[in-house]
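Peer 1: Let me begin by handing over the structure; questions about it come next.
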Amino acid sequence: MKPLSLLLAVALALVTAVSAGPAVIECWMVEDAGGGRLTKKPAALLLRQGPGTPPPRPDLEPELYLKVHDPAGALQAAFRRYPSDAPAPHCELSHYVPFPASANWARGLTPEQSCPRSLDGTWLMVSISSSIFRLSSLLRVQSGPQPEPALITLATAVLTVLTHSPVPRIQLGQDALLDLNFAYMPPTSEAATSLAPGPPPFGLEWRHQHLGKGHLLLAATPGLCEQMPTPQEGAVAFAAWDDDEPWGPWTGNGTLWLPAVRPFQEGAYLATIHLPYLQGQVTLELAVQKPPKVSLMPAPLVWASPGEAPPELVCHVSHYYPSKGLEVEWELRGGPEGSFQKAEGQRWLSALRHHSDGSVSLSAHLQPIPVTAKHHGARYACRVHHPTLPALGRSAEVTLEVAGLSGPSLEDGVGLFLSAFLLLGLIKALGWAVAYKSTLKDSEEK
């Protein structure tokens, strides 16, 4: 049993190590150099370390090598499920100065006249973005780097705002849930005990920006009796703390719900969490989409005679969004060469047709060239490419039948018609002759 227990312990340790995410996050310290210029210096965040002292980083300035204490666990939780094969996230550091919220609806968060002494010191804002998540975290830095053997600066994550859906792609007409979570721990124990037990009031703000224009979509201050602006576009937010521990840390939820999204609702959504003199913000990029439906007319067969051109083909590409990025290709499959090739002929596109739900449609036209007997059984295909479709796109096809090679030809049809007409005339003539002969015989007998 001991070897089995040892193996189980090792396996659990390996799983923990894999799921813990990266220990160090490489960043850039971005500062204003004046004259509209920015300077960038390398920096790093040490989220966790093994036994012993932190690994030395002689390539970094000690003030930019930060060992982050994360009492709420929000930073480490964000990286815990980060795929090992995913690109490294982009990380930036910048200086931060605590200040009260300027919006009238958030003034109740800062009843005191000045910033409390507990917020004194050096503050940094870290912004991390990737295709997996986006977050911003306010770090309160302890004064001065730690002594040897590793020069490193200690910092505490005070407020972290996080979304796990940085680029949501929503089907046109469906509801959108814009994920938002946040965590807060008072910067000092004195600050925690000076407040009433339990999580403090907070402000939640969602703003929408699109095509250079922005507006306030929703604002809320749970726990405060403030007059709130009217929510826009039917937006609803799940704004609340998830726990009520007396002295923290606390986690909360600010997820936004948008019913039946339309094209004008795509764009950037800025989510901001307001605490007294502290603000954390992340940006989400909402994309609205709808894949096209593809149909080809006439169907199911296209008839043509040797040396003549088949009838015009019309490919209907209907109810898709966005309108940009659509490509239509015409293919001839199983032609004389027996393989796929571009269909020859005159082609053109119709103008866009707009629908009430914001989607669009168009028609692609092809006038094929004259065919020969070798084209019998070939298939004309209309292939559509759009950002909402897989790489191969979506297609519709019809089969070409050349007259005279499958079933009666046009000449055969005319011949059969004439033969039937003559046969019907002959039958009628014989009927008249028999009737006349019978009438004549009856007359002679009388």
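Each chain of the structure tokens is named A, B, ... in the order shown, its residues numbered from 1; ligands are numbered from 1 in display order.
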From a backbone DSSP assignment, name each residue in region 173-372 of chain A labelled strand (DSSP E), as a PyMOL selection string.
Peer 2: chain A and resi 176-178+181-184+203-210+213-220+236-241+250-258+267-275+278-289+293-297+301-304+313-320+327-333+341-342+345-349+353-354+360-368
Peer 1: Applying 8 Å and only C-alpha atoms, which residues near Ser127 (chain A) remain after dropping the ones on its own chain fewer than 4 positions away? List them as a PyMOL selection string.
Peer 2: chain A and resi 91-93+134-137
Peer 1: Those same residues, written as a JSON list (two decimals), in the first residue's frame with N, CA, C and O atoms?
Peer 2:
```json
[["chain", "number", "residue", "atom", "x", "y", "z"],
["A", 91, "CYS", "N", 1.16, 41.55, -21.14],
["A", 91, "CYS", "CA", 1.09, 42.13, -19.80],
["A", 91, "CYS", "C", 1.75, 43.50, -19.80],
["A", 91, "CYS", "O", 2.88, 43.65, -20.30],
["A", 92, "GLU", "N", 1.06, 44.49, -19.23],
["A", 92, "GLU", "CA", 1.61, 45.84, -19.10],
["A", 92, "GLU", "C", 1.42, 46.33, -17.67],
["A", 92, "GLU", "O", 0.40, 46.05, -17.03],
["A", 93, "LEU", "N", 2.41, 47.08, -17.19],
["A", 93, "LEU", "CA", 2.36, 47.73, -15.88],
["A", 93, "LEU", "C", 2.38, 49.24, -16.08],
["A", 93, "LEU", "O", 3.03, 49.74, -17.00],
["A", 134, "ARG", "N", -9.10, 38.41, -19.89],
["A", 134, "ARG", "CA", -8.51, 39.73, -19.70],
["A", 134, "ARG", "C", -8.74, 40.13, -18.26],
["A", 134, "ARG", "O", -9.80, 39.84, -17.69],
["A", 135, "LEU", "N", -7.74, 40.79, -17.68],
["A", 135, "LEU", "CA", -7.89, 41.25, -16.30],
["A", 135, "LEU", "C", -7.08, 42.51, -16.09],
["A", 135, "LEU", "O", -6.13, 42.80, -16.81],
["A", 136, "SER", "N", -7.48, 43.24, -15.07],
["A", 136, "SER", "CA", -6.68, 44.35, -14.56],
["A", 136, "SER", "C", -6.65, 44.20, -13.05],
["A", 136, "SER", "O", -7.64, 43.79, -12.43],
["A", 137, "SER", "N", -5.51, 44.54, -12.45],
["A", 137, "SER", "CA", -5.34, 44.38, -11.02],
["A", 137, "SER", "C", -4.56, 45.57, -10.48],
["A", 137, "SER", "O", -3.57, 46.00, -11.08]]
```
Peer 1: So that I can see what lies close to Val24 (chain A), please list as a ChimeraX atom specification the residues with an atom at most 9 Å from it, counting only C-alpha atoms and leaving out residues fewer than 6 positions away in the same chain.
Peer 2: /A:44-49
Peer 1: Pick the closest to Gln76 (chain A) from A:Gly21, A:Leu177, A:Val236, A:Ala403: which is it, counting only C-alpha atoms?
Peer 2: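 Closest to Gln76 (chain A), using only C-alpha atoms: A:Gly21.
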Peer 1: Based on the backbone DSSP call, show me all residues of region 208-410 of chain A assigned helix (DSSP H, G or I), as a tab-separated table (two decimals) with all heavy atoms, in the first residue's frame.
Peer 2:
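Wrote states-v4.tsv, looks like this:
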```tsv
chain	number	residue	atom	x	y	z
A	263	PRO	N	-26.99	44.08	-34.78
A	263	PRO	CA	-25.68	44.52	-35.28
A	263	PRO	C	-25.17	45.79	-34.64
A	263	PRO	O	-23.96	45.93	-34.43
A	263	PRO	CB	-25.92	44.69	-36.78
A	263	PRO	CG	-26.99	43.71	-37.10
A	263	PRO	CD	-27.90	43.72	-35.91
A	264	PHE	N	-26.04	46.75	-34.30
A	264	PHE	CA	-25.56	48.00	-33.74
A	264	PHE	C	-24.99	47.82	-32.33
A	264	PHE	O	-24.36	48.73	-31.80
A	264	PHE	CB	-26.68	49.04	-33.71
A	264	PHE	CG	-27.77	48.77	-32.70
A	264	PHE	CD1	-27.65	49.21	-31.40
A	264	PHE	CD2	-28.91	48.07	-33.08
A	264	PHE	CE1	-28.66	48.95	-30.47
A	264	PHE	CE2	-29.91	47.81	-32.16
A	264	PHE	CZ	-29.78	48.26	-30.86
A	265	GLN	N	-25.16	46.64	-31.73
A	265	GLN	CA	-24.67	46.41	-30.38
A	265	GLN	C	-23.27	45.81	-30.36
A	265	GLN	O	-22.73	45.59	-29.28
A	265	GLN	CB	-25.64	45.50	-29.62
A	265	GLN	CG	-26.98	46.15	-29.32
A	265	GLN	CD	-27.96	45.20	-28.67
A	265	GLN	OE1	-28.42	44.24	-29.28
A	265	GLN	NE2	-28.27	45.46	-27.41
A	373	ALA	N	-20.69	17.06	-75.17
A	373	ALA	CA	-21.14	15.78	-74.62
A	373	ALA	C	-20.29	15.35	-73.43
A	373	ALA	O	-20.75	14.62	-72.55
A	373	ALA	CB	-21.10	14.71	-75.72
A	374	LYS	N	-19.02	15.82	-73.37
A	374	LYS	CA	-18.15	15.44	-72.26
A	374	LYS	C	-18.61	16.02	-70.93
A	374	LYS	O	-18.20	15.54	-69.87
A	374	LYS	CB	-16.71	15.89	-72.55
A	374	LYS	CG	-16.08	15.22	-73.75
A	374	LYS	CD	-14.66	15.72	-73.96
A	374	LYS	CE	-14.00	15.05	-75.15
A	374	LYS	NZ	-12.60	15.55	-75.36
A	375	HIS	N	-19.40	17.07	-70.97
A	375	HIS	CA	-19.85	17.71	-69.73
A	375	HIS	C	-21.04	16.99	-69.10
A	375	HIS	O	-21.51	17.40	-68.03
A	375	HIS	CB	-20.25	19.17	-69.99
A	375	HIS	CG	-19.08	20.06	-70.30
A	375	HIS	ND1	-18.70	20.35	-71.59
A	375	HIS	CD2	-18.21	20.72	-69.49
A	375	HIS	CE1	-17.66	21.15	-71.58
A	375	HIS	NE2	-17.34	21.40	-70.32
A	410	LEU	N	-33.83	16.33	-77.64
A	410	LEU	CA	-34.82	17.27	-78.13
A	410	LEU	C	-35.37	16.80	-79.48
A	410	LEU	O	-36.58	16.85	-79.74
A	410	LEU	CB	-34.19	18.66	-78.24
A	410	LEU	CG	-35.12	19.78	-78.72
A	410	LEU	CD1	-36.27	19.95	-77.73
A	410	LEU	CD2	-34.34	21.08	-78.88
```
Peer 1: Just checking: using only C-alpha atoms, which residue out of A:Gln289, A:Asn253, A:Gln281, A:Ser361 ends up closest to Val317 (chain A)?
Peer 2: A:Ser361
Peer 1: Measuring atom to atom with only C-alpha atoms, identify which of A:Trp348, A:Tyr320, A:Trp303, A:Trp257 is nearest to Ala176 (chain A).
Peer 2: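 So, comparing all the options, the nearest one is A:Trp257.
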Peer 1: Which residues, written as a PyMOL selection string, have at least one atom at most 10 Å from region 197-207 of chain A, with only C-alpha atoms counted and residues fewer than 3 positions away on the same chain left out?
Peer 2: chain A and resi 101+103+105-109+184-186+192-194+214-224+231+235+237-256+268-276+278-279+281+283
Peer 1: Counting only C-alpha atoms, which residue out of A:Leu66, A:Leu159, A:Leu178, A:Ala287 sits closest to His210 (chain A)?
Peer 2: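 That would be A:Ala287, the residue with the smallest distance to His210 (chain A).
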Peer 1: Determine, counting only C-alpha atoms, which protein, DNA and RNA residues have an atom within 8 Å of an atom of Leu326 (chain A); residues of the same chain fewer than 2 positions away are not included. Present the result as JSON, numbers by chain.
Peer 2: {"A": [323, 324, 328, 384, 385, 386, 387]}
Peer 1: I need the chosen residues saved as a compact mmCIF listing (two decimals), in the first residue's frame, with N, CA and C atoms.
Peer 2:
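This went into out-v6.txt:
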```txt
# COMPACT_ATOMS: atom_id res chain seq x y z
N SER A 323 -21.72 41.89 -43.32
CA SER A 323 -21.76 41.90 -44.78
C SER A 323 -20.37 41.80 -45.39
N LYS A 324 -19.34 42.19 -44.63
CA LYS A 324 -17.97 42.15 -45.16
C LYS A 324 -17.41 40.73 -45.07
N VAL A 328 -17.65 34.43 -53.16
CA VAL A 328 -18.40 33.40 -53.88
C VAL A 328 -17.52 32.84 -54.99
N VAL A 384 -19.36 29.28 -51.01
CA VAL A 384 -19.40 30.56 -50.32
C VAL A 384 -18.45 30.52 -49.13
N HIS A 385 -17.61 31.56 -49.02
CA HIS A 385 -16.70 31.72 -47.88
C HIS A 385 -17.13 32.96 -47.10
N HIS A 386 -17.14 32.82 -45.76
CA HIS A 386 -17.55 33.92 -44.89
C HIS A 386 -16.87 33.72 -43.54
N PRO A 387 -16.56 34.81 -42.81
CA PRO A 387 -15.88 34.64 -41.51
C PRO A 387 -16.64 33.76 -40.53
```
Peer 1: Can you pull out every residue within 9 Å of Trp123 (chain A), counting only C-alpha atoms, but drop anything in the same chain fewer than 6 positions away, and send it as a PyMOL selection string?
Peer 2: chain A and resi 94-98+138-141+155
Peer 1: Would you list the contacts of Ser350 (chain A) as a ChimeraX atom specification, taking every protein, DNA or RNA residue within 7 Å and counting only C-alpha atoms, but skipping same-chain residues closer than 5 positions in sequence?
Peer 2: /A:362-364
